[in-house]
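The next block is input_37.cif, given as mmCIF, C-alpha atoms.
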data_start
#
loop_
_atom_site.label_atom_id
_atom_site.label_comp_id
_atom_site.auth_asym_id
_atom_site.auth_seq_id
_atom_site.Cartn_x
_atom_site.Cartn_y
_atom_site.Cartn_z
CA MET A 1 -72.39 -19.56 19.54
CA ARG A 2 -68.89 -19.22 18.16
CA LYS A 3 -66.19 -18.67 20.74
CA HIS A 4 -63.34 -16.27 19.97
CA LYS A 5 -60.03 -17.42 21.30
CA LYS A 6 -57.99 -14.56 22.80
CA HIS A 7 -54.55 -14.22 21.23
CA LEU A 8 -51.82 -13.66 23.74
CA ASP A 9 -49.06 -13.30 21.19
CA PHE A 10 -48.31 -10.00 19.55
CA GLU A 11 -46.70 -8.96 16.31
CA ILE A 12 -43.70 -6.68 15.93
CA ASN A 13 -44.11 -4.20 13.14
CA LEU A 14 -41.02 -4.82 11.07
CA ILE A 15 -41.42 -1.92 8.65
CA PRO A 16 -40.08 0.80 11.05
CA CYS A 17 -37.20 -1.53 11.97
CA ILE A 18 -36.25 -1.89 8.33
CA ASP A 19 -36.57 1.88 7.83
CA LEU A 20 -34.30 2.57 10.77
CA LEU A 21 -31.71 0.04 9.69
CA SER A 22 -31.75 1.37 6.12
CA VAL A 23 -31.15 4.94 7.33
CA CYS A 24 -28.37 3.67 9.62
CA ILE A 25 -26.69 1.83 6.74
CA CYS A 26 -26.93 4.84 4.41
CA PHE A 27 -25.44 7.15 7.04
CA LEU A 28 -22.61 4.76 7.89
CA LEU A 29 -21.81 4.09 4.23
CA LEU A 30 -21.65 7.82 3.51
CA THR A 31 -19.48 8.62 6.51
CA ALA A 32 -17.26 5.52 6.35
CA VAL A 33 -13.54 6.11 5.89
CA TRP A 34 -12.16 3.33 3.75
CA LEU A 35 -8.55 4.49 3.81
CA ASN A 36 -6.65 3.68 6.95
CA ILE A 37 -4.21 6.54 7.41
CA GLY A 38 -1.39 6.47 9.93
CA SER A 39 1.76 8.44 10.59
CA MET A 40 5.45 7.65 10.44
CA ASN A 41 7.13 9.55 13.24
CA VAL A 42 10.55 11.11 12.86
CA LYS A 43 12.53 12.94 15.51
CA GLN A 44 14.60 15.79 14.17
CA ALA A 45 17.51 16.92 16.34
CA VAL A 46 16.89 20.57 17.07
CA GLY A 47 19.02 22.58 19.51
CA GLY A 48 18.71 21.37 23.10
CA GLN A 49 21.62 19.87 25.01
CA SER A 50 25.23 20.21 24.03
CA GLN A 51 27.02 17.20 22.57
CA ALA A 52 29.08 16.70 25.72
CA GLU A 53 25.95 16.34 27.86
CA THR A 54 24.21 13.80 25.67
CA PRO A 55 24.99 10.13 26.36
CA LYS A 56 26.76 8.33 23.52
CA LYS A 57 24.33 5.91 21.93
CA PRO A 58 25.01 3.64 18.98
CA LEU A 59 24.02 5.47 15.84
CA MET A 60 23.72 4.50 12.21
CA TRP A 61 23.89 6.83 9.23
CA VAL A 62 22.27 5.62 6.03
CA PHE A 63 23.11 7.41 2.79
CA MET A 64 20.70 6.85 -0.07
CA ALA A 65 22.02 7.09 -3.62
CA ASP A 66 19.96 7.87 -6.71
CA ASP A 67 20.28 4.31 -8.03
CA GLY A 68 18.94 2.78 -4.81
CA GLN A 69 22.33 2.01 -3.32
CA LEU A 70 22.50 2.29 0.47
CA THR A 71 25.67 3.08 2.42
CA PHE A 72 25.71 2.35 6.14
CA ASN A 73 27.99 3.94 8.65
CA VAL A 74 27.66 2.77 12.25
CA GLN A 75 29.08 5.08 14.90
CA GLN A 76 29.53 5.03 18.68
CA SER A 77 29.19 1.28 18.99
CA SER A 78 31.91 -0.84 20.59
CA LEU A 79 30.02 -4.10 20.01
CA ILE A 80 29.78 -3.99 16.24
CA PRO A 81 33.01 -5.21 14.58
CA ALA A 82 34.87 -2.76 12.36
CA ALA A 83 34.14 -4.88 9.27
CA LEU A 84 30.42 -4.19 9.71
CA THR A 85 30.57 -0.47 10.45
CA ASN A 86 30.86 0.56 6.81
CA LEU A 87 28.67 -1.40 4.45
CA LYS A 88 27.16 -0.90 1.04
CA ILE A 89 24.04 -2.48 -0.44
CA ALA A 90 23.57 -2.20 -4.19
CA GLY A 91 20.16 -1.04 -5.40
CA LEU A 92 17.59 -3.21 -7.11
CA ASP A 93 15.72 -1.69 -10.09
CA GLY A 94 16.47 1.82 -8.84
CA HIS A 95 15.12 1.13 -5.35
CA ALA A 96 16.69 -0.16 -2.14
CA ASN A 97 17.24 -3.90 -1.96
CA VAL A 98 14.90 -4.59 0.95
CA GLY A 99 15.80 -8.28 1.34
CA GLU A 100 19.51 -7.58 1.68
CA LEU A 101 18.77 -4.59 3.89
CA SER A 102 16.79 -6.66 6.41
CA ARG A 103 19.55 -9.29 6.46
CA ILE A 104 22.23 -6.70 7.24
CA LEU A 105 20.08 -4.86 9.77
CA ALA A 106 19.30 -8.11 11.57
CA GLN A 107 23.04 -8.84 11.70
CA LEU A 108 23.82 -5.37 13.10
CA THR A 109 21.06 -5.40 15.73
CA SER A 110 22.06 -8.91 16.85
CA LYS A 111 25.63 -7.67 17.46
CA ASP A 112 24.50 -4.54 19.26
CA PRO A 113 20.89 -4.64 20.58
CA GLY A 114 21.33 -1.05 21.77
CA LEU A 115 21.36 0.16 18.17
CA LYS A 116 18.05 2.00 17.98
CA THR A 117 18.91 5.20 16.16
CA ALA A 118 19.16 5.60 12.42
CA LEU A 119 19.64 8.82 10.50
CA ILE A 120 18.71 8.80 6.86
CA GLN A 121 20.42 11.07 4.38
CA PRO A 122 18.49 11.04 1.09
CA ARG A 123 19.55 12.72 -2.16
CA ALA A 124 17.61 15.52 -3.86
CA LYS A 125 16.07 13.10 -6.36
CA THR A 126 15.27 10.33 -3.87
CA SER A 127 11.57 9.60 -3.93
CA TYR A 128 9.49 10.08 -0.80
CA GLU A 129 8.11 6.55 -1.18
CA ASP A 130 11.63 5.06 -0.95
CA ILE A 131 12.38 7.03 2.23
CA ILE A 132 9.17 5.79 3.88
CA ALA A 133 9.87 2.19 2.76
CA LEU A 134 13.32 2.41 4.32
CA MET A 135 11.96 3.83 7.58
CA ASP A 136 9.31 1.11 7.67
CA GLU A 137 12.00 -1.55 7.29
CA PHE A 138 14.04 0.03 10.09
CA LYS A 139 11.02 0.04 12.39
CA LYS A 140 10.36 -3.62 11.63
CA LEU A 141 13.85 -4.45 12.86
CA GLY A 142 13.59 -2.45 16.06
CA LEU A 143 15.27 0.81 15.05
CA THR A 144 12.71 3.14 16.53
CA ASP A 145 14.50 6.49 16.74
CA LEU A 146 14.59 7.67 13.16
CA GLY A 147 15.66 10.95 11.67
CA VAL A 148 15.86 12.43 8.20
CA ALA A 149 18.75 14.78 7.54
CA PRO A 150 18.02 17.84 5.39
CA LEU A 151 20.04 18.35 2.20
CA MET B 1 -48.14 -33.15 6.07
CA LEU B 2 -44.94 -32.06 7.80
CA ALA B 3 -44.14 -29.60 5.05
CA SER B 4 -47.53 -27.96 5.24
CA GLN B 5 -47.17 -27.41 9.01
CA SER B 6 -43.61 -26.14 9.00
CA VAL B 7 -42.60 -22.60 9.94
CA LEU B 8 -41.35 -21.98 6.41
CA HIS B 9 -44.64 -22.84 4.93
CA GLU B 10 -46.48 -20.57 7.35
CA THR B 11 -44.06 -17.69 6.81
CA ALA B 12 -44.40 -17.99 3.09
CA LEU B 13 -48.12 -17.89 3.26
CA GLN B 14 -48.67 -15.18 5.85
CA THR B 15 -46.62 -12.10 5.14
CA VAL B 16 -47.06 -8.38 5.39
CA VAL B 17 -46.90 -8.20 1.60
CA GLY B 18 -49.84 -10.46 1.35
CA SER B 19 -51.60 -8.36 4.05
CA GLN B 20 -52.19 -11.49 5.98
CA SER B 21 -51.67 -12.05 9.63
CA TYR B 22 -51.29 -15.35 11.28
CA ILE B 23 -52.14 -14.06 14.74
CA HIS B 24 -54.91 -11.66 13.79
CA PRO B 25 -56.44 -13.06 10.66
CA LYS B 26 -58.66 -10.71 8.70
CA HIS B 27 -60.68 -13.51 7.27
CA GLY B 28 -61.84 -16.52 9.07
CA LYS B 29 -60.46 -18.68 6.38
CA TRP B 30 -56.95 -18.61 4.92
CA SER B 31 -57.09 -17.54 1.34
CA ARG B 32 -54.35 -18.36 -1.09
CA VAL B 33 -51.76 -15.61 -1.38
CA LEU B 34 -50.54 -14.90 -4.90
CA ALA B 35 -48.25 -11.95 -4.08
CA ALA B 36 -44.46 -12.41 -3.96
CA ASP B 37 -43.08 -12.90 -0.47
CA LEU B 38 -40.13 -11.38 1.33
CA LEU B 39 -38.51 -13.18 4.21
CA LEU B 40 -38.28 -10.16 6.49
CA THR B 41 -36.47 -11.92 9.32
CA ALA B 42 -33.56 -12.81 7.05
CA LEU B 43 -33.54 -9.26 5.64
CA ILE B 44 -33.35 -7.72 9.12
CA ASP B 45 -30.60 -10.18 10.06
CA ALA B 46 -28.55 -9.11 7.03
CA PHE B 47 -29.19 -5.43 7.75
CA SER B 48 -28.18 -5.82 11.38
CA ILE B 49 -24.92 -7.57 10.44
CA LEU B 50 -24.19 -4.79 7.93
CA VAL B 51 -24.84 -2.09 10.54
CA ILE B 52 -22.60 -3.84 13.09
CA PHE B 53 -19.80 -4.24 10.52
CA LEU B 54 -20.02 -0.58 9.49
CA LEU B 55 -20.07 0.58 13.10
CA MET B 56 -16.99 -1.53 13.87
CA SER B 57 -15.08 -0.16 10.88
CA PHE B 58 -16.18 3.41 11.58
CA SER B 59 -13.14 5.61 11.99
CA SER B 60 -13.21 9.15 13.26
CA THR B 61 -9.53 9.85 12.45
CA GLY B 62 -9.96 9.90 8.69
CA ASP B 63 -11.33 13.42 8.61
CA MET B 64 -8.06 14.86 9.92
CA LEU B 65 -6.50 14.69 6.47
CA PHE B 66 -8.09 15.59 3.18
CA ILE B 67 -6.42 13.67 0.39
CA GLY B 68 -6.58 15.62 -2.83
CA LYS B 69 -7.45 14.22 -6.23
CA GLY B 70 -4.54 12.30 -7.72
CA GLN B 71 -2.60 12.28 -4.47
CA GLU B 72 -1.33 8.90 -3.30
CA LEU B 73 0.21 8.54 0.11
CA PRO B 74 3.18 6.19 0.57
CA LYS B 75 2.43 2.87 2.22
CA ALA B 76 3.87 1.59 5.50
CA SER B 77 3.04 -1.35 7.72
CA LEU B 78 4.34 -0.01 11.04
CA ALA B 79 2.67 3.34 11.32
CA GLU B 80 1.23 5.00 14.39
CA SER B 81 -2.30 6.28 14.66
CA LEU B 82 -3.11 9.82 13.57
CA GLU B 83 -3.32 12.69 16.00
CA ARG B 84 -4.53 16.22 15.44
CA ASN B 85 -1.46 18.33 14.59
CA PRO B 86 -0.74 21.15 12.14
CA VAL B 87 -0.73 19.68 8.63
CA VAL B 88 1.53 20.73 5.78
CA LYS B 89 0.29 19.43 2.45
CA LEU B 90 2.48 19.29 -0.64
CA GLN B 91 0.43 19.09 -3.80
CA ASP B 92 1.05 20.10 -7.41
CA GLY B 93 4.24 21.94 -6.46
CA LYS B 94 2.40 24.07 -3.90
CA ILE B 95 2.62 24.04 -0.13
CA TYR B 96 -0.49 24.30 2.03
CA LEU B 97 -0.41 24.87 5.76
CA GLU B 98 -3.75 23.93 7.30
CA GLU B 99 -5.34 24.09 3.80
CA LYS B 100 -4.00 27.63 3.17
CA GLU B 101 -1.42 28.11 0.46
CA VAL B 102 1.94 29.32 1.77
CA GLY B 103 5.03 30.30 -0.18
CA VAL B 104 8.36 28.61 0.61
CA GLU B 105 9.86 31.87 1.84
CA ALA B 106 6.95 32.42 4.25
CA LEU B 107 7.01 28.91 5.71
CA VAL B 108 9.18 29.64 8.76
CA GLU B 109 7.11 32.73 9.51
CA SER B 110 3.88 30.72 9.30
CA PHE B 111 5.26 28.02 11.59
CA LEU B 112 6.34 30.63 14.11
CA ALA B 113 2.88 32.20 13.92
CA LEU B 114 1.39 28.78 14.75
CA ARG B 115 3.69 28.55 17.73
CA LYS B 116 2.73 32.03 18.90
CA GLN B 117 -0.95 31.24 18.49
CA PHE B 118 -0.54 28.10 20.62
CA LYS B 119 1.22 30.04 23.37
CA GLU B 120 -1.59 32.59 23.42
CA THR B 121 -4.29 29.96 23.65
CA HIS B 122 -2.39 27.67 26.04
CA PRO B 123 -0.51 29.96 28.46
CA GLY B 124 2.17 28.12 30.43
CA ALA B 125 1.99 24.97 28.31
CA GLU B 126 5.03 23.74 26.43
CA TYR B 127 4.65 23.72 22.67
CA PRO B 128 4.70 20.11 21.43
CA GLY B 129 6.44 21.03 18.16
CA ILE B 130 4.75 18.33 16.12
CA LEU B 131 4.12 18.74 12.41
CA MET B 132 2.32 16.43 10.01
CA ILE B 133 3.55 16.28 6.42
CA GLN B 134 1.20 15.01 3.77
CA GLY B 135 2.72 14.41 0.36
CA ASP B 136 2.39 12.26 -2.73
CA ARG B 137 4.48 9.09 -2.77
CA ARG B 138 6.19 10.16 -6.05
CA LEU B 139 7.44 13.41 -4.51
CA LYS B 140 11.17 14.06 -4.63
CA TYR B 141 13.09 14.76 -1.46
CA GLU B 142 14.19 18.23 -2.65
CA GLU B 143 10.54 19.36 -2.36
CA LEU B 144 10.14 17.77 1.05
CA ASN B 145 13.47 19.17 2.20
CA GLN B 146 12.29 22.79 2.19
CA VAL B 147 9.45 21.94 4.59
CA ILE B 148 11.73 19.89 6.86
CA LEU B 149 14.30 22.69 6.93
CA ALA B 150 11.69 25.35 7.67
CA ALA B 151 10.18 23.16 10.41
CA SER B 152 13.61 22.67 11.98
CA HIS B 153 14.24 26.42 11.89
CA ALA B 154 10.89 27.08 13.59
CA GLY B 155 11.63 24.50 16.30
CA PHE B 156 9.39 21.65 15.19
CA SER B 157 11.39 18.67 16.38
CA ASP B 158 8.80 15.98 15.76
CA ILE B 159 7.82 15.42 12.14
CA ARG B 160 5.18 12.92 11.16
CA PHE B 161 4.68 11.68 7.63
CA ALA B 162 1.16 10.72 6.68
CA VAL B 163 1.09 7.17 5.28
CA LEU B 164 -1.43 4.60 4.21
CA MET B 165 -1.45 1.58 6.47
CA LYS B 166 -0.67 -1.64 4.61
#
Target format structure tokens, applied to this file:
Amino acid sequence: MRKHKKHLDFEINLIPCIDLLSVCICFLLLTAVWLNIGSMNVKQAVGGQSQAETPKKPLMWVFMADDGQLTFNVQQSSLIPAALTNLKIAGLDGHANVGELSRILAQLTSKDPGLKTALIQPRAKTSYEDIIALMDEFKKLGLTDLGVAPL
Amino acid sequence: MLASQSVLHETALQTVVGSQSYIHPKHGKWSRVLAADLLLTALIDAFSILVIFLLMSFSSTGDMLFIGKGQELPKASLAESLERNPVVKLQDGKIYLEEKEVGVEALVESFLALRKQFKETHPGAEYPGILMIQGDRRLKYEELNQVILAASHAGFSDIRFAVLMK
């Protein structure tokens, strides 16, 4: 008589697993967000305390010209020498010269590490992209309190 | 000899496609399988890796902003993560507040209405005064200026510009 050997192993049915994974992949592919969106935060000075009450912090005004030229004006800083308080950077192909800008900003922040505030004054025809690029460059060099002045 | 006893050889011969089972054979004798084989283990491995990757890259913040056709956000490398705040969208010369078109002259009024609505729904809480601006990268500042001015008039002190992370 033939003896049947009892199988102790079992088989996993892979078809439902594949079905489940396929549905999971389809759902995730459909709901996936491929663009990573963030936000560039700007503090606008609105009302609040009077000027006399607010502590004097080093402040830098940046004026953007239509041709990409940037004019810096550093105020309320005793550490930055007078020669560096008013500077101009010529534009490059109609945009701000980012390389020169980082060099000057690094120089200013090394003289006065307390310089954290920058106010940007764009012109009517300044492109939004240029303003954001400038703010991004400021943030890279530690100027975290940024503001955009209205026209 | 070794090749005929290897796992690969067995897998290739006994697959679901070939309706063969190694553990519970239907026939006493192995018949030759002519059907094409699929290596299901490798397929499930690939699927699992894909699912894990998609789950890791799954972002729930993307649905806060709806980027219109032809709109390109400016790029920035040091941007903060998005939070749910009132959104002002500038597109095709029109201004939309929370996806509703608003005229320039009615902007301050609409912002104040938002403020009032917040105070009604959150009694006693201080209004955060945060506004998100979503605009195309080629936009000129004169267009943006009217929103910034209106926001300042309505007491929105914290303005956030929507950007694409580099």
Just checking: using all atoms listed in the file, which residue out of A:Gly114, A:Lys125, A:Ile18, A:Asn36 ends up closest to B:Asp45?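 Smallest distance to B:Asp45 is found for A:Ile18.
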Can you turn the PyMOL selection byres ((chain A and resi 75-89) around 9) into a concrete residue list for this file, as a ChimeraX atom specification? /A:56-61,68-74,90-91,96-97,100-101,104,107-109,111-112,114-115
Could the residues in this selection be written to a file with C-alpha atoms, as a PDB file, in the coordinates of the input?
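Below is the file part38.pdb, written as the result:
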ATOM      1  CA  LYS A  56      26.760   8.330  23.520  1.00  0.00           C
ATOM      2  CA  LYS A  57      24.330   5.910  21.930  1.00  0.00           C
ATOM      3  CA  PRO A  58      25.010   3.640  18.980  1.00  0.00           C
ATOM      4  CA  LEU A  59      24.020   5.470  15.840  1.00  0.00           C
ATOM      5  CA  MET A  60      23.720   4.500  12.210  1.00  0.00           C
ATOM      6  CA  TRP A  61      23.890   6.830   9.230  1.00  0.00           C
ATOM      7  CA  GLY A  68      18.940   2.780  -4.810  1.00  0.00           C
ATOM      8  CA  GLN A  69      22.330   2.010  -3.320  1.00  0.00           C
ATOM      9  CA  LEU A  70      22.500   2.290   0.470  1.00  0.00           C
ATOM     10  CA  THR A  71      25.670   3.080   2.420  1.00  0.00           C
ATOM     11  CA  PHE A  72      25.710   2.350   6.140  1.00  0.00           C
ATOM     12  CA  ASN A  73      27.990   3.940   8.650  1.00  0.00           C
ATOM     13  CA  VAL A  74      27.660   2.770  12.250  1.00  0.00           C
ATOM     14  CA  ALA A  90      23.570  -2.200  -4.190  1.00  0.00           C
ATOM     15  CA  GLY A  91      20.160  -1.040  -5.400  1.00  0.00           C
ATOM     16  CA  ALA A  96      16.690  -0.160  -2.140  1.00  0.00           C
ATOM     17  CA  ASN A  97      17.240  -3.900  -1.960  1.00  0.00           C
ATOM     18  CA  GLU A 100      19.510  -7.580   1.680  1.00  0.00           C
ATOM     19  CA  LEU A 101      18.770  -4.590   3.890  1.00  0.00           C
ATOM     20  CA  ILE A 104      22.230  -6.700   7.240  1.00  0.00           C
ATOM     21  CA  GLN A 107      23.040  -8.840  11.700  1.00  0.00           C
ATOM     22  CA  LEU A 108      23.820  -5.370  13.100  1.00  0.00           C
ATOM     23  CA  THR A 109      21.060  -5.400  15.730  1.00  0.00           C
ATOM     24  CA  LYS A 111      25.630  -7.670  17.460  1.00  0.00           C
ATOM     25  CA  ASP A 112      24.500  -4.540  19.260  1.00  0.00           C
ATOM     26  CA  GLY A 114      21.330  -1.050  21.770  1.00  0.00           C
ATOM     27  CA  LEU A 115      21.360   0.160  18.170  1.00  0.00           C
TER      28      LEU A 115
END
When the cut-off is 6 Å and we count only C-alpha atoms, which residues of chain B are near chain A, given as a ChimeraX atom specification? /B:51,58,62,74,76,79-82,137-142,145,157-165
Selection under test: the PyMOL selection byres ((chain B and resi 134) around 6); residues as a list in words: Lys89, Ile133, Gly135 and Ala162 of chain B
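Of note, atom CA of B:Gly155 and atom CA of B:Leu114 are spaced 11.2 Å apart.
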Atom-to-atom span, atom CA of A:Ser110 and atom CA of A:Leu143, Å: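 It comes out at 12.0 Å.
The spacing separating atom CA of B:Arg115 from atom CA of B:Ala154 amounts to 8.4 Å.
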